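Source file: model04.txt; contents: compact mmCIF, C-alpha atoms and all ligand atoms.
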```txt
# COMPACT_ATOMS: atom_id res chain seq x y z
CA MET A 24 0.41 -9.78 4.11
CA THR A 25 2.76 -7.34 2.40
CA TYR A 26 2.10 -5.23 -0.67
CA ARG A 27 4.73 -3.96 -3.07
CA THR A 28 5.35 -3.32 -6.75
CA LEU A 29 6.76 -6.25 -8.70
CA THR A 30 10.25 -6.21 -10.19
CA VAL A 31 11.82 -8.26 -12.99
CA GLU A 32 12.91 -10.87 -10.42
CA ASP A 33 9.24 -11.59 -9.64
CA TYR A 34 8.56 -12.91 -13.15
CA PRO A 35 8.32 -16.65 -12.28
CA ALA A 36 5.74 -15.95 -9.55
CA TYR A 37 3.85 -13.52 -11.81
CA ASP A 38 3.85 -16.04 -14.67
CA ALA A 39 2.37 -18.74 -12.43
CA LEU A 40 -0.33 -16.50 -10.91
CA ARG A 41 -1.27 -14.87 -14.21
CA GLY A 42 -1.50 -18.29 -15.85
CA MET A 43 -3.76 -19.48 -13.04
CA ALA A 44 -5.97 -16.37 -13.35
CA LEU A 45 -6.53 -16.76 -17.09
CA ASP A 46 -7.29 -20.48 -16.74
CA PHE A 47 -9.37 -20.23 -13.57
CA VAL A 48 -11.66 -17.33 -14.53
CA PRO A 49 -11.45 -16.87 -18.32
CA GLU A 50 -14.63 -14.79 -18.31
CA ALA A 51 -12.93 -12.15 -16.11
CA PHE A 52 -10.18 -11.26 -18.61
CA GLY A 53 -9.82 -10.33 -22.26
CA SER A 54 -6.54 -12.24 -22.60
CA THR A 55 -5.92 -15.96 -23.00
CA ASN A 56 -2.83 -17.94 -21.98
CA GLN A 57 -2.62 -19.28 -25.51
CA GLU A 58 -2.16 -15.79 -26.98
CA GLU A 59 -0.33 -14.17 -24.11
CA ILE A 60 2.40 -16.66 -23.18
CA PRO A 61 4.74 -15.88 -26.11
CA HIS A 62 4.77 -12.17 -25.17
CA ARG A 63 4.21 -12.36 -21.42
CA LYS A 64 7.79 -11.99 -20.24
CA ASN A 65 8.56 -9.01 -22.50
CA ARG A 66 5.36 -7.24 -21.56
CA PHE A 67 5.94 -7.91 -17.87
CA GLU A 68 9.46 -6.50 -18.05
CA SER A 69 8.44 -3.39 -19.90
CA ASN A 70 5.59 -2.88 -17.42
CA VAL A 71 7.61 -3.25 -14.24
CA THR A 72 10.53 -1.17 -15.53
CA HIS A 73 8.33 1.64 -16.86
CA LYS A 74 8.52 4.85 -14.89
CA GLU A 75 4.75 5.22 -14.45
CA SER A 76 3.13 1.84 -15.18
CA PHE A 77 3.46 -0.87 -12.54
CA ILE A 78 2.09 -4.11 -11.12
CA VAL A 79 1.26 -4.43 -7.43
CA GLY A 80 1.60 -7.79 -5.71
CA ALA A 81 0.21 -9.14 -2.43
CA PHE A 82 2.65 -11.48 -0.69
CA ASP A 83 1.80 -14.02 1.99
CA ASP A 84 5.30 -14.49 3.43
CA ASP A 85 7.19 -14.85 0.15
CA GLU A 86 4.33 -16.22 -1.93
CA LEU A 87 2.61 -14.01 -4.50
CA VAL A 88 -1.13 -14.51 -3.84
CA GLY A 89 -2.70 -11.51 -5.57
CA MET A 90 -1.92 -8.79 -8.06
CA VAL A 91 -3.25 -5.89 -10.07
CA GLY A 92 -1.76 -3.97 -12.98
CA PHE A 93 -1.75 -0.24 -13.68
CA LEU A 94 -1.01 0.98 -17.20
CA LYS A 95 -0.37 4.68 -17.83
CA LEU A 96 -1.44 5.69 -21.32
CA GLU A 97 1.30 7.39 -23.33
CA LYS A 98 -0.23 9.23 -26.26
CA ILE A 99 -0.30 13.02 -25.95
CA LYS A 100 -4.10 13.21 -25.96
CA LEU A 101 -4.55 10.22 -23.61
CA LYS A 102 -1.72 10.60 -21.13
CA HIS A 103 -4.00 12.00 -18.42
CA LYS A 104 -5.52 8.50 -18.15
CA GLY A 105 -4.55 5.13 -16.74
CA ILE A 106 -6.05 1.66 -16.89
CA ILE A 107 -6.44 -0.99 -14.21
CA TRP A 108 -5.96 -4.53 -15.55
CA GLY A 109 -5.40 -8.09 -14.40
CA MET A 110 -6.86 -7.91 -10.88
CA PHE A 111 -6.67 -11.40 -9.36
CA VAL A 112 -6.51 -12.92 -5.88
CA LYS A 113 -5.86 -16.64 -5.44
CA PRO A 114 -9.20 -18.39 -4.87
CA GLU A 115 -8.34 -19.64 -1.37
CA MET A 116 -7.27 -16.10 -0.34
CA GLN A 117 -10.32 -14.23 -1.62
CA GLY A 118 -12.71 -12.45 0.75
CA ARG A 119 -9.96 -11.36 3.18
CA GLY A 120 -9.51 -7.79 2.02
CA ILE A 121 -6.54 -8.47 -0.28
CA GLY A 122 -8.25 -7.12 -3.41
CA SER A 123 -9.16 -3.94 -1.51
CA GLU A 124 -5.60 -3.45 -0.28
CA LEU A 125 -4.19 -4.04 -3.78
CA MET A 126 -6.52 -1.40 -5.15
CA LYS A 127 -5.76 1.10 -2.35
CA PHE A 128 -2.03 0.69 -2.93
CA THR A 129 -2.53 1.21 -6.66
CA LEU A 130 -4.69 4.31 -6.26
CA GLU A 131 -2.29 5.91 -3.79
CA LYS A 132 0.66 5.30 -6.11
CA ALA A 133 -1.26 6.45 -9.19
CA ALA A 134 -2.33 9.64 -7.42
CA LYS A 135 1.32 10.70 -7.27
CA ILE A 136 1.68 10.56 -11.06
CA GLN A 137 1.82 14.08 -12.41
CA HIS A 138 -1.03 15.02 -14.76
CA LEU A 139 -2.94 11.76 -14.24
CA GLN A 140 -6.62 12.69 -14.03
CA LYS A 141 -8.63 9.49 -14.28
CA ILE A 142 -8.41 5.71 -14.15
CA ASN A 143 -10.60 3.43 -16.23
CA LEU A 144 -11.33 -0.26 -16.07
CA ASP A 145 -13.80 -2.72 -17.45
CA VAL A 146 -15.40 -5.62 -15.69
CA ASN A 147 -17.65 -8.52 -16.68
CA ALA A 148 -21.23 -7.45 -15.83
CA GLU A 149 -21.79 -10.80 -14.04
CA ASN A 150 -18.77 -10.33 -11.76
CA GLN A 151 -20.50 -8.98 -8.67
CA ALA A 152 -17.48 -9.40 -6.38
CA ALA A 153 -15.27 -7.25 -8.61
CA ILE A 154 -17.99 -4.66 -9.34
CA ARG A 155 -18.62 -4.16 -5.60
CA LEU A 156 -14.91 -3.91 -4.93
CA TYR A 157 -14.49 -1.21 -7.59
CA GLU A 158 -17.57 0.69 -6.42
CA LYS A 159 -16.21 0.58 -2.87
CA MET A 160 -13.01 2.18 -4.21
CA GLY A 161 -14.96 5.01 -5.84
CA PHE A 162 -15.23 3.78 -9.42
CA ILE A 163 -18.44 4.81 -11.17
CA SER A 164 -20.06 2.95 -14.04
CA PHE A 165 -20.39 5.05 -17.20
CA GLY A 166 -21.59 2.49 -19.68
CA VAL A 167 -22.21 -1.07 -20.70
CA GLU A 168 -20.83 -2.80 -23.74
CA LYS A 169 -23.28 -5.49 -24.77
CA ASN A 170 -21.77 -8.83 -25.80
CA ALA A 171 -18.26 -7.53 -25.17
CA LEU A 172 -16.71 -10.92 -24.44
CA LEU A 173 -17.24 -14.31 -26.04
CA VAL A 174 -15.96 -17.08 -23.77
CA ASN A 175 -16.71 -20.76 -24.30
CA ASN A 176 -19.63 -19.92 -26.60
CA LYS A 177 -21.22 -17.55 -24.08
CA MET A 178 -21.51 -13.78 -24.54
CA TYR A 179 -20.89 -11.46 -21.59
CA ASP A 180 -21.59 -7.75 -21.23
CA THR A 181 -18.85 -5.52 -19.88
CA ILE A 182 -19.35 -2.60 -17.48
CA LEU A 183 -17.06 0.37 -18.10
CA MET A 184 -16.02 2.16 -14.90
CA SER A 185 -13.98 5.23 -14.15
CA LYS A 186 -12.57 7.07 -11.16
CA ASN A 187 -11.49 10.70 -11.09
CA LEU A 188 -8.33 11.25 -9.13
CA GLY A 189 -9.36 14.61 -7.70
CA ASP A 190 -10.57 13.06 -4.48
CA ILE A 191 -7.38 11.15 -3.69
CA ARG A 192 -4.74 13.39 -5.26
CA VAL A 193 -1.76 13.95 -2.98
CA LYS A 194 -1.18 17.71 -2.91
C1 LIG B 1 -12.53 -9.65 -7.51
C2 LIG B 1 -11.44 -10.09 -6.54
C3 LIG B 1 -10.12 -9.53 -7.02
C4 LIG B 1 -11.76 -9.53 -5.15
O1 LIG B 1 -10.64 -9.81 -4.31
P1 LIG B 1 -10.85 -10.12 -2.76
O2 LIG B 1 -9.51 -10.16 -2.11
O3 LIG B 1 -11.69 -11.31 -2.61
O4 LIG B 1 -11.64 -8.80 -2.33
P2 LIG B 1 -11.86 -8.23 -0.87
O5 LIG B 1 -11.82 -9.34 0.14
O6 LIG B 1 -10.94 -7.08 -0.66
O7 LIG B 1 -13.33 -7.69 -0.98
C5 LIG B 1 -13.55 -6.39 -1.47
C6 LIG B 1 -15.02 -6.15 -1.72
O8 LIG B 1 -15.40 -6.88 -2.86
C7 LIG B 1 -16.74 -7.34 -2.68
N1 LIG B 1 -16.71 -8.80 -2.69
C8 LIG B 1 -15.64 -9.61 -2.52
N2 LIG B 1 -16.01 -10.89 -2.66
C9 LIG B 1 -17.33 -10.88 -2.91
C10 LIG B 1 -18.30 -11.87 -3.19
N3 LIG B 1 -17.97 -13.18 -3.23
N4 LIG B 1 -19.56 -11.48 -3.44
C11 LIG B 1 -19.90 -10.18 -3.43
N5 LIG B 1 -19.03 -9.18 -3.18
C12 LIG B 1 -17.78 -9.54 -2.92
C13 LIG B 1 -17.22 -6.80 -1.36
O9 LIG B 1 -17.86 -5.55 -1.57
C14 LIG B 1 -15.92 -6.60 -0.63
O10 LIG B 1 -16.00 -5.58 0.30
P3 LIG B 1 -16.59 -5.84 1.79
O11 LIG B 1 -15.89 -7.08 2.28
O12 LIG B 1 -16.23 -4.59 2.50
O13 LIG B 1 -18.03 -6.04 1.57
C15 LIG B 1 -11.37 -11.63 -6.43
O14 LIG B 1 -12.65 -12.12 -6.14
C16 LIG B 1 -10.86 -12.31 -7.68
O15 LIG B 1 -9.64 -12.46 -7.86
N6 LIG B 1 -11.78 -12.78 -8.53
C17 LIG B 1 -11.38 -13.51 -9.74
C18 LIG B 1 -10.72 -12.61 -10.78
C19 LIG B 1 -11.55 -11.41 -11.09
O16 LIG B 1 -12.76 -11.46 -11.16
N7 LIG B 1 -10.86 -10.27 -11.32
C20 LIG B 1 -11.49 -9.03 -11.67
C21 LIG B 1 -11.29 -8.76 -13.11
S1 LIG B 1 -12.11 -7.22 -13.59
```

Could you show the structure in this file as structure tokens?
Ligand SMILES: CC(C)(COP(=O)(O)OP(=O)(O)OC[C@H]1O[C@@H](n2cnc3c(N)ncnc32)[C@H](O)[C@@H]1OP(=O)(O)O)[C@@H](O)C(=O)NCCC(=O)NCCS
Amino acid sequence: MTYRTLTVEDYPAYDALRGMALDFVPEAFGSTNQEEIPHRKNRFESNVTHKESFIVGAFDDDELVGMVGFLKLEKIKLKHKGIIWGMFVKPEMQGRGIGSELMKFTLEKAAKIQHLQKINLDVNAENQAAIRLYEKMGFISFGVEKNALLVNNKMYDTILMSKNLGDIRVK
């Protein structure tokens, strides 16, 4: 397995995996294919060409089998923060440490961003696999949003998690 940041050339593979993620586990994401597809390519390109935001991919030979996004906030009062989004590993590849490696890669790269102090994410409160993964990587829960997501007529709570970068900052 190899891990690297995605480039504009990876769009077809990203499009396929992202589409699968949103269809396969709609309750894990705030986005839908229906709303995202018209903007997906533009957003992908601005993400992967941005100097501080990025998407990390896990490749099995040449096949993209997992990914996670990192978005650096831009506003003056928020630019010490980043957000993890879109974590997904292909179902048949889950449970082999790929999610952990994607997150380690992301945290190490994020730690090199000047002035970045903390990374936030949110996760469906029923998603035990993801919650344990994030806890293992040092994310701490700081709140719960009740009824944060409405998917197929079911409400889900969301757990808000954060990690301070002090403990992994590269000096
Ligand atoms: C969450 C997800 C990314 C984890 O990826 P993965 O490659 O399977 O994760 P790993 O194999 O690295 O496991 C990492 C840790 O997660 C936890 N975990 C993984 N699968 C689990 C499961 N089925 N049940 C409970 N905990 C689990 C464990 O703590 C594991 O660490 P350990 O093996 O040391 O105990 C993957 O399950 C996935 O893509 N799920 C669907 C999409 C999703 O939920 N995304 C998160 C959106 S917030």

Using all atoms listed in the file, find each protein or nucleic acid residue lying at most 9 Å from ligand LIG 1 (chain B); present the set as a ChimeraX atom specification. /A:44-45,47-52,89-91,107-114,116-126,144-147,150-160

Got time to write the residues from that selection, C-alpha atoms, as a short mmCIF file (atom, residue, chain, number, x, y, z; two decimals), keeping the file's coordinate frame?
```cif
data_model
loop_
_atom_site.label_atom_id
_atom_site.label_comp_id
_atom_site.auth_asym_id
_atom_site.auth_seq_id
_atom_site.Cartn_x
_atom_site.Cartn_y
_atom_site.Cartn_z
CA ALA A 44 -5.97 -16.37 -13.35
CA LEU A 45 -6.53 -16.76 -17.09
CA PHE A 47 -9.37 -20.23 -13.57
CA VAL A 48 -11.66 -17.33 -14.53
CA PRO A 49 -11.45 -16.87 -18.32
CA GLU A 50 -14.63 -14.79 -18.31
CA ALA A 51 -12.93 -12.15 -16.11
CA PHE A 52 -10.18 -11.26 -18.61
CA GLY A 89 -2.70 -11.51 -5.57
CA MET A 90 -1.92 -8.79 -8.06
CA VAL A 91 -3.25 -5.89 -10.07
CA ILE A 107 -6.44 -0.99 -14.21
CA TRP A 108 -5.96 -4.53 -15.55
CA GLY A 109 -5.40 -8.09 -14.40
CA MET A 110 -6.86 -7.91 -10.88
CA PHE A 111 -6.67 -11.40 -9.36
CA VAL A 112 -6.51 -12.92 -5.88
CA LYS A 113 -5.86 -16.64 -5.44
CA PRO A 114 -9.20 -18.39 -4.87
CA MET A 116 -7.27 -16.10 -0.34
CA GLN A 117 -10.32 -14.23 -1.62
CA GLY A 118 -12.71 -12.45 0.75
CA ARG A 119 -9.96 -11.36 3.18
CA GLY A 120 -9.51 -7.79 2.02
CA ILE A 121 -6.54 -8.47 -0.28
CA GLY A 122 -8.25 -7.12 -3.41
CA SER A 123 -9.16 -3.94 -1.51
CA GLU A 124 -5.60 -3.45 -0.28
CA LEU A 125 -4.19 -4.04 -3.78
CA MET A 126 -6.52 -1.40 -5.15
CA LEU A 144 -11.33 -0.26 -16.07
CA ASP A 145 -13.80 -2.72 -17.45
CA VAL A 146 -15.40 -5.62 -15.69
CA ASN A 147 -17.65 -8.52 -16.68
CA ASN A 150 -18.77 -10.33 -11.76
CA GLN A 151 -20.50 -8.98 -8.67
CA ALA A 152 -17.48 -9.40 -6.38
CA ALA A 153 -15.27 -7.25 -8.61
CA ILE A 154 -17.99 -4.66 -9.34
CA ARG A 155 -18.62 -4.16 -5.60
CA LEU A 156 -14.91 -3.91 -4.93
CA TYR A 157 -14.49 -1.21 -7.59
CA GLU A 158 -17.57 0.69 -6.42
CA LYS A 159 -16.21 0.58 -2.87
CA MET A 160 -13.01 2.18 -4.21
#
```

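One finds CA of Asn56 (chain A) at 18.9 Å from CA of Ala171 (chain A).
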
The distance between CA of Pro35 (chain A) and CA of Ala133 (chain A) is 25.2 Å

Listed atoms of region 36-48 of chain A boxed axis-aligned with 4 Å per side, centre + edges as AutoDock Vina command-line options:
```
--center_x -3.0 --center_y -17.0 --center_z -13.3 --size_x 25.4 --size_y 15.0 --size_z 15.5
```

Measure the distance from CA of Met24 (chain A) to CA of Lys95 (chain A) in Å and round it to one decimal. 26.3 Å

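Among A:Asn176, A:Leu139, A:Leu130, A:Asp38, the residue with the shortest atom-to-atom distance to Pro61 (chain A), counting all atoms listed in the file, is A:Asp38.
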
Which residues are close to Arg66 (chain A), i.e. within 12 Å by all atoms listed in the file, leaving aside same-chain residues fewer than 4 positions away? Reply as a VMD selection string. chain A and resid 31 34 37 to 38 59 to 62 70 to 73 76 to 78 92 94

Restricting it to C-alpha atoms, dump the selection as a compact mmCIF listing (two decimals), keeping the file's coordinate frame.
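Contents of result_23.txt, as written:
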```txt
# COMPACT_ATOMS: atom_id res chain seq x y z
CA VAL A 31 11.82 -8.26 -12.99
CA TYR A 34 8.56 -12.91 -13.15
CA TYR A 37 3.85 -13.52 -11.81
CA ASP A 38 3.85 -16.04 -14.67
CA GLU A 59 -0.33 -14.17 -24.11
CA ILE A 60 2.40 -16.66 -23.18
CA PRO A 61 4.74 -15.88 -26.11
CA HIS A 62 4.77 -12.17 -25.17
CA ASN A 70 5.59 -2.88 -17.42
CA VAL A 71 7.61 -3.25 -14.24
CA THR A 72 10.53 -1.17 -15.53
CA HIS A 73 8.33 1.64 -16.86
CA SER A 76 3.13 1.84 -15.18
CA PHE A 77 3.46 -0.87 -12.54
CA ILE A 78 2.09 -4.11 -11.12
CA GLY A 92 -1.76 -3.97 -12.98
CA LEU A 94 -1.01 0.98 -17.20
```

Within 9 Å of (-17.5, 9.7, -10.6), in the coordinates the file gives, what residues turn up when you count all atoms listed in the file, written out as a PyMOL selection string? chain A and resi 161-165+184-187

Nearest residue to Glu149 (chain A) from the set A:Thr181, A:Ser54, A:Asn175, A:Gln137 (distances using all atoms listed in the file):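 Smallest distance to Glu149 (chain A) is found for A:Thr181.
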
Counting all atoms listed in the file, the residue of A:Glu58, A:Phe82, A:Glu131, A:Thr28 that sits nearest Gly42 (chain A):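 Counting all atoms listed in the file, the residue closest to Gly42 (chain A) is A:Glu58.
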
When distances are computed from all atoms listed in the file, which of A:Ile182, A:Ala81, A:Ile142, A:Met43 shows the smallest separation from Asn170 (chain A)? A:Ile182

Find the residue from A:Val79, A:Leu87, A:Leu183, A:Leu29 that sits nearest to Lys132 (chain A); use only C-alpha atoms when measuring.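 When distances to Lys132 (chain A) are compared using only C-alpha atoms, the smallest one comes from A:Val79.
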
Residue nearest Gly80 (chain A) among A:Leu172, A:Val167, A:Leu40, A:Ala148 (counting all atoms listed in the file): A:Leu40

Would you mind exporting region 95-122 of chain A with N, CA and C atoms, as a PDB file, in the first residue's frame?
```pdb
ATOM      1  N   LYS A  95      -7.746  23.478   5.162  1.00  0.00           N
ATOM      2  CA  LYS A  95      -7.211  24.544   6.031  1.00  0.00           C
ATOM      3  C   LYS A  95      -8.172  25.724   5.953  1.00  0.00           C
ATOM      4  N   LEU A  96      -8.633  26.200   7.095  1.00  0.00           N
ATOM      5  CA  LEU A  96      -9.520  27.359   7.073  1.00  0.00           C
ATOM      6  C   LEU A  96      -8.712  28.612   6.712  1.00  0.00           C
ATOM      7  N   GLU A  97      -9.379  29.585   6.101  1.00  0.00           N
ATOM      8  CA  GLU A  97      -8.662  30.702   5.501  1.00  0.00           C
ATOM      9  C   GLU A  97      -8.888  32.022   6.229  1.00  0.00           C
ATOM     10  N   LYS A  98     -10.037  32.180   6.850  1.00  0.00           N
ATOM     11  CA  LYS A  98     -10.348  33.486   7.442  1.00  0.00           C
ATOM     12  C   LYS A  98      -9.337  33.828   8.532  1.00  0.00           C
ATOM     13  N   ILE A  99      -9.077  35.132   8.690  1.00  0.00           N
ATOM     14  CA  ILE A  99      -8.036  35.593   9.610  1.00  0.00           C
ATOM     15  C   ILE A  99      -8.228  35.007  11.014  1.00  0.00           C
ATOM     16  N   LYS A 100      -9.462  34.989  11.488  1.00  0.00           N
ATOM     17  CA  LYS A 100      -9.703  34.543  12.868  1.00  0.00           C
ATOM     18  C   LYS A 100      -9.806  33.024  12.988  1.00  0.00           C
ATOM     19  N   LEU A 101      -9.814  32.322  11.844  1.00  0.00           N
ATOM     20  CA  LEU A 101      -9.994  30.858  11.871  1.00  0.00           C
ATOM     21  C   LEU A 101      -8.802  30.115  11.282  1.00  0.00           C
ATOM     22  N   LYS A 102      -7.808  30.842  10.814  1.00  0.00           N
ATOM     23  CA  LYS A 102      -6.769  30.176  10.017  1.00  0.00           C
ATOM     24  C   LYS A 102      -5.792  29.345  10.835  1.00  0.00           C
ATOM     25  N   HIS A 103      -5.979  29.291  12.144  1.00  0.00           N
ATOM     26  CA  HIS A 103      -5.184  28.386  12.985  1.00  0.00           C
ATOM     27  C   HIS A 103      -5.838  26.994  13.045  1.00  0.00           C
ATOM     28  N   LYS A 104      -6.928  26.820  12.271  1.00  0.00           N
ATOM     29  CA  LYS A 104      -7.682  25.554  12.356  1.00  0.00           C
ATOM     30  C   LYS A 104      -7.790  24.855  11.000  1.00  0.00           C
ATOM     31  N   GLY A 105      -7.910  23.546  11.067  1.00  0.00           N
ATOM     32  CA  GLY A 105      -8.169  22.745   9.875  1.00  0.00           C
ATOM     33  C   GLY A 105      -9.281  21.749  10.157  1.00  0.00           C
ATOM     34  N   ILE A 106      -9.798  21.182   9.077  1.00  0.00           N
ATOM     35  CA  ILE A 106     -10.916  20.235   9.201  1.00  0.00           C
ATOM     36  C   ILE A 106     -10.588  18.965   8.430  1.00  0.00           C
ATOM     37  N   ILE A 107     -10.844  17.839   9.063  1.00  0.00           N
ATOM     38  CA  ILE A 107     -10.755  16.541   8.384  1.00  0.00           C
ATOM     39  C   ILE A 107     -12.125  16.231   7.789  1.00  0.00           C
ATOM     40  N   TRP A 108     -12.157  15.787   6.532  1.00  0.00           N
ATOM     41  CA  TRP A 108     -13.441  15.463   5.892  1.00  0.00           C
ATOM     42  C   TRP A 108     -13.253  14.239   4.984  1.00  0.00           C
ATOM     43  N   GLY A 109     -14.368  13.593   4.692  1.00  0.00           N
ATOM     44  CA  GLY A 109     -14.389  12.601   3.612  1.00  0.00           C
ATOM     45  C   GLY A 109     -13.567  11.340   3.823  1.00  0.00           C
ATOM     46  N   MET A 110     -13.344  10.959   5.076  1.00  0.00           N
ATOM     47  CA  MET A 110     -12.572   9.724   5.320  1.00  0.00           C
ATOM     48  C   MET A 110     -13.357   8.506   4.818  1.00  0.00           C
ATOM     49  N   PHE A 111     -12.736   7.726   3.949  1.00  0.00           N
ATOM     50  CA  PHE A 111     -13.409   6.522   3.433  1.00  0.00           C
ATOM     51  C   PHE A 111     -12.373   5.506   2.979  1.00  0.00           C
ATOM     52  N   VAL A 112     -12.621   4.245   3.355  1.00  0.00           N
ATOM     53  CA  VAL A 112     -11.812   3.122   2.867  1.00  0.00           C
ATOM     54  C   VAL A 112     -12.785   2.138   2.221  1.00  0.00           C
ATOM     55  N   LYS A 113     -12.430   1.650   1.042  1.00  0.00           N
ATOM     56  CA  LYS A 113     -13.300   0.694   0.338  1.00  0.00           C
ATOM     57  C   LYS A 113     -13.706  -0.441   1.280  1.00  0.00           C
ATOM     58  N   PRO A 114     -14.970  -0.839   1.250  1.00  0.00           N
ATOM     59  CA  PRO A 114     -15.450  -1.831   2.221  1.00  0.00           C
ATOM     60  C   PRO A 114     -14.571  -3.077   2.321  1.00  0.00           C
ATOM     61  N   GLU A 115     -14.140  -3.622   1.178  1.00  0.00           N
ATOM     62  CA  GLU A 115     -13.364  -4.868   1.231  1.00  0.00           C
ATOM     63  C   GLU A 115     -11.946  -4.653   1.748  1.00  0.00           C
ATOM     64  N   MET A 116     -11.531  -3.385   1.914  1.00  0.00           N
ATOM     65  CA  MET A 116     -10.173  -3.081   2.392  1.00  0.00           C
ATOM     66  C   MET A 116     -10.170  -2.576   3.833  1.00  0.00           C
ATOM     67  N   GLN A 117     -11.351  -2.472   4.429  1.00  0.00           N
ATOM     68  CA  GLN A 117     -11.412  -1.945   5.796  1.00  0.00           C
ATOM     69  C   GLN A 117     -10.837  -2.950   6.794  1.00  0.00           C
ATOM     70  N   GLY A 118     -10.424  -2.438   7.952  1.00  0.00           N
ATOM     71  CA  GLY A 118      -9.912  -3.292   9.024  1.00  0.00           C
ATOM     72  C   GLY A 118      -8.492  -3.762   8.810  1.00  0.00           C
ATOM     73  N   ARG A 119      -7.751  -3.122   7.889  1.00  0.00           N
ATOM     74  CA  ARG A 119      -6.359  -3.520   7.624  1.00  0.00           C
ATOM     75  C   ARG A 119      -5.376  -2.404   7.951  1.00  0.00           C
ATOM     76  N   GLY A 120      -5.843  -1.412   8.669  1.00  0.00           N
ATOM     77  CA  GLY A 120      -4.936  -0.329   9.074  1.00  0.00           C
ATOM     78  C   GLY A 120      -4.835   0.815   8.075  1.00  0.00           C
ATOM     79  N   ILE A 121      -5.624   0.783   6.999  1.00  0.00           N
ATOM     80  CA  ILE A 121      -5.504   1.828   5.971  1.00  0.00           C
ATOM     81  C   ILE A 121      -6.014   3.173   6.501  1.00  0.00           C
ATOM     82  N   GLY A 122      -7.149   3.152   7.200  1.00  0.00           N
ATOM     83  CA  GLY A 122      -7.676   4.391   7.772  1.00  0.00           C
ATOM     84  C   GLY A 122      -6.667   5.021   8.728  1.00  0.00           C
TER      85      GLY A 122
END
```
